[in-house]
Amino acid sequence: MALEIKIPSPGESITEVDLTSWFVEDGTLVSKNQEIGEIESEKATLPLIASESGKLKILVQEGETVRVGVVVASIDTSVEVPGKPAETPVETTTETSVKAPAKEPEKTKKPDTPASDQQQVKVTPVAKQMMDQEGLSVDDIIQGLRKISAGDVKRVMQHSAGVHVPGKNMTASREEERKKISQLRKKISERLVSVKNETAMLTTFNEADMSAIMAIRKKYQETFVQKHGLKLGFMSFFAKAVTQALQQFPAVNSYLDGEEVVTPGYCDIGIAVQTDKGLMVPVIRNTELMSMAQLEQHIADMAARARKARLSIEEMSGGTFTISNGGFYGSMLSTPILNPPQSGILGMHNILERPVAIYGKVEIRPMMYIALSYDHRVIDGKDSVGFLKTVKELLEEPARLIFGEQSPEQFLLEL
């Protein structure tokens, strides 16, 4: 019996998707609930799941654009799949096929990869950390997770040839690589252009002394990890500060809908995450009700699933305000672009030690430039500047995150 695998609907109004990759080859024996491929729409990336075990027949090759509901593969369920029992869907798949347990003849059996070969494989620290977290070995990466392309072979050959000395046996390269733009990146491009054309976007800047936050992280990091199971980052402080500032300046939390200005009574903060598929913005709902630990847990979970392209459309929809951290990549100052229909976005930047004047004396402090881009049709200059100044003050005096508009001293004195 042949079971059809059809393209699922990623969401309303989406009729076409890109079949970006097959994780297994044609004719592979697959297990029930195994991830066998991946599709990408203008809004999200979704896996293709084998609903039954059997032999896979691929009908549409990767890289093709196909309509929702089209049959792209089939599974012959009459073929018995020995070995592992049915598995539940997982976020990462370390095996791309299920091999029959029958032994090959000794003359054709390939020896295992010697340890010395593994030692010759160069692994970057970041890749090593990712492999350790996911329980992957060098063999898993080499044997199962990708095909070797002609470009890979050329790069190895160039590396093996040693470092070229200028002026000696140099060969000029005129090669170019072309690839089809993805549905997601096409949609992002359209949205960015529309923001520039359809909004009155301005940006205001300020700077924040990060000394107090860095001192808190250093003092309580170990205790925080022991209690909550994850590290205390900077983003949760910014999410908390932004939430309180939005409550004080509700205009920044507003958006334009036709001839009406809509001001939500809640704060849904989008956190921009750069992924291999493009920029994704998962949304954390009702941040005004969350503690620092809850914010940190939601941020870590959303970011991890965004990088693995495992976010649903609902998790990336809505949002009343966005935070973007260009400082993660070393940006010192930038102008973040709005995420429509929102009217405001906060840009974080790199923390650098700079000389600043403190009570008439020059001191070296860890400083960060912060930027607020806003739609001037909805937000006036007074609200935009006041919002950013409030965020700055909350970051520089984190104890105020407990008391809102009041300082701890004002709260104590009931002022």
# chains A, B, ... in the order shown; residues from 1 in each chain; ligands from 1
>>> select_by_dssp(residues="segment 155-366 of chain A", states="helix (DSSP H, G or I)", output="ChimeraX atom specification")
/A:155-160,183-198,211-228,235-248,250-253,287-289,292-307,314-316,326-329
>>> select_by_dssp(residues="segment 12-88 of chain A", states="strand (DSSP E or B)", output="VMD selection string")
chain A and resid 16 to 22 29 to 30 35 to 40 45 to 49 54 to 58 65 to 67 71 to 76
>>> closest_residue(among="A:Ile7, A:Val66, A:Met367, A:Leu295", to="Met332 of chain A", atoms="only C-alpha atoms")
A:Met367
>>> residues_around(residues="Glu396 of chain A", least_positions_apart="3", cutoff="12 Å", atoms="only C-alpha atoms", output="list in words")
Glu207, Ala208, Asp209, Met210, Ser211, Ala212, Ile213, Met214, Ala215, Ile216, Phe237, Phe238, Ala241, Arg365, Pro366, Met367, Met368, Lys389, Thr390, Val391, Lys392, Glu393, Ala399, Arg400, Leu401 and Ser407 of chain A
>>> residues_around(residues="Gln294 of chain A", least_positions_apart="6", cutoff="10 Å", atoms="only C-alpha atoms", output="ChimeraX atom specification")
/A:228,236,287,300
>>> atom_distance(atom1="atom CA of Thr28 of chain A", atom2="atom CA of Met1 of chain A")
16.2 Å
>>> residues_around(residues="Asp76 of chain A", least_positions_apart="5", cutoff="10 Å", atoms="only C-alpha atoms", output="PyMOL selection string")
chain A and resi 1-4+27+29-30+52-57
>>> atom_distance(atom1="atom CA of Pro336 of chain A", atom2="atom CA of Phe205 of chain A")
11.1 Å
>>> residues_around(residues="segment 348-353 of chain A", least_positions_apart="6", cutoff="7 Å", atoms="only C-alpha atoms", output="PDB file with N, CA, C and O atoms, in the first residue's frame")
ATOM      1  N   SER A 324      15.577  44.195  18.803  1.00  0.00           N
ATOM      2  CA  SER A 324      16.575  43.609  17.907  1.00  0.00           C
ATOM      3  C   SER A 324      17.968  43.836  18.485  1.00  0.00           C
ATOM      4  O   SER A 324      18.296  44.944  18.885  1.00  0.00           O
ATOM      5  N   ASN A 325      18.756  42.775  18.539  1.00  0.00           N
ATOM      6  CA  ASN A 325      20.080  42.849  19.169  1.00  0.00           C
ATOM      7  C   ASN A 325      21.189  42.746  18.125  1.00  0.00           C
ATOM      8  O   ASN A 325      21.753  41.685  17.884  1.00  0.00           O
ATOM      9  N   GLY A 326      21.498  43.870  17.485  1.00  0.00           N
ATOM     10  CA  GLY A 326      22.603  43.888  16.538  1.00  0.00           C
ATOM     11  C   GLY A 326      23.957  43.812  17.211  1.00  0.00           C
ATOM     12  O   GLY A 326      24.954  43.458  16.591  1.00  0.00           O
ATOM     13  N   GLY A 327      23.996  44.119  18.517  1.00  0.00           N
ATOM     14  CA  GLY A 327      25.254  44.055  19.250  1.00  0.00           C
ATOM     15  C   GLY A 327      25.806  42.656  19.352  1.00  0.00           C
ATOM     16  O   GLY A 327      27.015  42.464  19.559  1.00  0.00           O
ATOM     17  N   PHE A 328      24.948  41.653  19.191  1.00  0.00           N
ATOM     18  CA  PHE A 328      25.396  40.258  19.233  1.00  0.00           C
ATOM     19  C   PHE A 328      26.426  39.999  18.139  1.00  0.00           C
ATOM     20  O   PHE A 328      27.313  39.157  18.288  1.00  0.00           O
ATOM     21  N   GLY A 330      28.308  42.502  16.891  1.00  0.00           N
ATOM     22  CA  GLY A 330      29.358  43.507  16.978  1.00  0.00           C
ATOM     23  C   GLY A 330      28.967  44.893  16.513  1.00  0.00           C
ATOM     24  O   GLY A 330      29.818  45.784  16.451  1.00  0.00           O
ATOM     25  N   SER A 331      27.690  45.105  16.188  1.00  0.00           N
ATOM     26  CA  SER A 331      27.258  46.416  15.725  1.00  0.00           C
ATOM     27  C   SER A 331      27.349  47.438  16.854  1.00  0.00           C
ATOM     28  O   SER A 331      26.878  47.208  17.952  1.00  0.00           O
ATOM     29  N   MET A 332      27.948  48.587  16.560  1.00  0.00           N
ATOM     30  CA  MET A 332      28.072  49.641  17.567  1.00  0.00           C
ATOM     31  C   MET A 332      26.880  50.585  17.529  1.00  0.00           C
ATOM     32  O   MET A 332      26.432  51.088  18.555  1.00  0.00           O
ATOM     33  N   LEU A 333      26.346  50.835  16.337  1.00  0.00           N
ATOM     34  CA  LEU A 333      25.225  51.763  16.196  1.00  0.00           C
ATOM     35  C   LEU A 333      24.517  51.464  14.878  1.00  0.00           C
ATOM     36  O   LEU A 333      25.164  51.263  13.851  1.00  0.00           O
ATOM     37  N   ILE A 364      35.835  54.923  33.309  1.00  0.00           N
ATOM     38  CA  ILE A 364      35.653  53.965  32.221  1.00  0.00           C
ATOM     39  C   ILE A 364      34.454  53.084  32.568  1.00  0.00           C
ATOM     40  O   ILE A 364      34.450  52.401  33.591  1.00  0.00           O
ATOM     41  N   ARG A 365      33.420  53.110  31.739  1.00  0.00           N
ATOM     42  CA  ARG A 365      32.202  52.347  31.996  1.00  0.00           C
ATOM     43  C   ARG A 365      31.817  51.520  30.760  1.00  0.00           C
ATOM     44  O   ARG A 365      32.093  51.934  29.621  1.00  0.00           O
ATOM     45  N   PRO A 366      31.163  50.377  30.983  1.00  0.00           N
ATOM     46  CA  PRO A 366      30.653  49.588  29.840  1.00  0.00           C
ATOM     47  C   PRO A 366      29.379  50.238  29.300  1.00  0.00           C
ATOM     48  O   PRO A 366      28.333  50.213  29.943  1.00  0.00           O
ATOM     49  N   MET A 367      29.460  50.825  28.131  1.00  0.00           N
ATOM     50  CA  MET A 367      28.356  51.605  27.581  1.00  0.00           C
ATOM     51  C   MET A 367      27.754  50.924  26.356  1.00  0.00           C
ATOM     52  O   MET A 367      28.455  50.269  25.587  1.00  0.00           O
ATOM     53  N   MET A 368      26.453  51.098  26.194  1.00  0.00           N
ATOM     54  CA  MET A 368      25.745  50.592  25.020  1.00  0.00           C
ATOM     55  C   MET A 368      24.892  51.705  24.425  1.00  0.00           C
ATOM     56  O   MET A 368      24.141  52.358  25.133  1.00  0.00           O
ATOM     57  N   TYR A 369      25.013  51.889  23.112  1.00  0.00           N
ATOM     58  CA  TYR A 369      24.090  52.772  22.419  1.00  0.00           C
ATOM     59  C   TYR A 369      22.776  52.021  22.200  1.00  0.00           C
ATOM     60  O   TYR A 369      22.778  50.850  21.814  1.00  0.00           O
ATOM     61  N   ILE A 370      21.670  52.689  22.443  1.00  0.00           N
ATOM     62  CA  ILE A 370      20.359  52.105  22.190  1.00  0.00           C
ATOM     63  C   ILE A 370      19.603  53.026  21.243  1.00  0.00           C
ATOM     64  O   ILE A 370      19.772  54.246  21.280  1.00  0.00           O
ATOM     65  N   ALA A 371      18.808  52.427  20.368  1.00  0.00           N
ATOM     66  CA  ALA A 371      18.109  53.197  19.335  1.00  0.00           C
ATOM     67  C   ALA A 371      16.641  52.803  19.293  1.00  0.00           C
ATOM     68  O   ALA A 371      16.306  51.617  19.398  1.00  0.00           O
TER      69      ALA A 371
END
>>> decode(residues="segment 309-323 of chain A", atoms="all heavy atoms", output="tab-separated table (two decimals), in the first residue's frame")
chain	number	residue	atom	x	y	z
A	309	ALA	N	14.28	26.36	12.92
A	309	ALA	CA	13.12	26.52	12.03
A	309	ALA	C	11.94	25.68	12.49
A	309	ALA	O	11.30	25.00	11.70
A	309	ALA	CB	13.51	26.14	10.60
A	310	ARG	N	11.65	25.74	13.77
A	310	ARG	CA	10.56	24.95	14.33
A	310	ARG	C	9.55	25.85	15.06
A	310	ARG	O	8.96	25.44	16.05
A	310	ARG	CB	11.11	23.87	15.28
A	310	ARG	CG	11.87	22.76	14.56
A	310	ARG	CD	10.98	22.04	13.58
A	310	ARG	NE	11.70	21.03	12.81
A	310	ARG	CZ	12.20	21.24	11.61
A	310	ARG	NH1	12.09	22.44	11.04
A	310	ARG	NH2	12.82	20.29	10.95
A	311	LEU	N	9.35	27.05	14.55
A	311	LEU	CA	8.35	27.94	15.10
A	311	LEU	C	7.09	27.89	14.26
A	311	LEU	O	7.16	27.81	13.03
A	311	LEU	CB	8.87	29.39	15.12
A	311	LEU	CG	9.95	29.73	16.15
A	311	LEU	CD1	10.46	31.14	15.90
A	311	LEU	CD2	9.40	29.62	17.57
A	312	SER	N	5.95	27.93	14.90
A	312	SER	CA	4.69	27.97	14.17
A	312	SER	C	4.40	29.40	13.73
A	312	SER	O	4.98	30.36	14.26
A	312	SER	CB	3.55	27.45	15.05
A	312	SER	OG	3.32	28.33	16.14
A	313	ILE	N	3.49	29.53	12.79
A	313	ILE	CA	3.12	30.86	12.32
A	313	ILE	C	2.49	31.67	13.44
A	313	ILE	O	2.72	32.88	13.57
A	313	ILE	CB	2.14	30.75	11.13
A	313	ILE	CG1	2.88	30.13	9.93
A	313	ILE	CG2	1.56	32.10	10.76
A	313	ILE	CD1	2.01	29.91	8.73
A	314	GLU	N	1.70	31.01	14.30
A	314	GLU	CA	1.07	31.70	15.41
A	314	GLU	C	2.10	32.30	16.35
A	314	GLU	O	1.88	33.37	16.92
A	314	GLU	CB	0.16	30.74	16.19
A	314	GLU	CG	-1.10	30.30	15.45
A	314	GLU	CD	-0.82	29.31	14.34
A	314	GLU	OE1	0.24	28.66	14.36
A	314	GLU	OE2	-1.66	29.18	13.43
A	315	GLU	N	3.22	31.61	16.53
A	315	GLU	CA	4.26	32.10	17.45
A	315	GLU	C	5.02	33.29	16.88
A	315	GLU	O	5.73	33.98	17.60
A	315	GLU	CB	5.23	30.97	17.78
A	315	GLU	CG	4.62	29.90	18.66
A	315	GLU	CD	5.54	28.70	18.84
A	315	GLU	OE1	6.19	28.27	17.86
A	315	GLU	OE2	5.62	28.19	19.97
A	316	MET	N	4.88	33.55	15.57
A	316	MET	CA	5.55	34.69	14.96
A	316	MET	C	4.56	35.77	14.53
A	316	MET	O	4.95	36.74	13.90
A	316	MET	CB	6.37	34.23	13.75
A	316	MET	CG	7.56	33.35	14.12
A	316	MET	SD	8.61	32.97	12.70
A	316	MET	CE	7.55	31.83	11.82
A	317	SER	N	3.29	35.58	14.86
A	317	SER	CA	2.27	36.54	14.46
A	317	SER	C	1.96	37.50	15.60
A	317	SER	O	2.14	37.18	16.77
A	317	SER	CB	0.99	35.81	14.05
A	317	SER	OG	1.23	34.92	12.98
A	318	GLY	N	1.45	38.67	15.22
A	318	GLY	CA	1.09	39.65	16.24
A	318	GLY	C	2.32	40.38	16.75
A	318	GLY	O	3.28	40.62	16.04
A	319	GLY	N	2.29	40.70	18.02
A	319	GLY	CA	3.38	41.48	18.60
A	319	GLY	C	3.04	42.95	18.58
A	319	GLY	O	2.52	43.47	17.59
A	320	THR	N	3.33	43.64	19.67
A	320	THR	CA	3.05	45.07	19.76
A	320	THR	C	4.32	45.91	19.72
A	320	THR	O	4.26	47.12	19.52
A	320	THR	CB	2.29	45.39	21.06
A	320	THR	OG1	3.10	45.02	22.20
A	320	THR	CG2	0.97	44.62	21.12
A	321	PHE	N	5.48	45.25	19.89
A	321	PHE	CA	6.76	45.96	19.90
A	321	PHE	C	7.85	44.91	19.67
A	321	PHE	O	7.66	43.72	19.98
A	321	PHE	CB	6.99	46.66	21.24
A	321	PHE	CG	8.17	47.60	21.27
A	321	PHE	CD1	8.02	48.92	20.88
A	321	PHE	CD2	9.41	47.17	21.69
A	321	PHE	CE1	9.11	49.79	20.90
A	321	PHE	CE2	10.51	48.01	21.71
A	321	PHE	CZ	10.35	49.34	21.32
A	322	THR	N	8.99	45.33	19.11
A	322	THR	CA	10.07	44.40	18.80
A	322	THR	C	11.40	44.89	19.38
A	322	THR	O	11.66	46.09	19.43
A	322	THR	CB	10.21	44.20	17.27
A	322	THR	OG1	9.03	43.57	16.78
A	322	THR	CG2	11.41	43.32	16.93
A	323	ILE	N	12.24	43.94	19.79
A	323	ILE	CA	13.61	44.22	20.22
A	323	ILE	C	14.57	43.49	19.29
A	323	ILE	O	14.40	42.29	19.03
A	323	ILE	CB	13.86	43.78	21.67
A	323	ILE	CG1	12.86	44.45	22.62
A	323	ILE	CG2	15.29	44.09	22.10
A	323	ILE	CD1	12.97	43.96	24.06
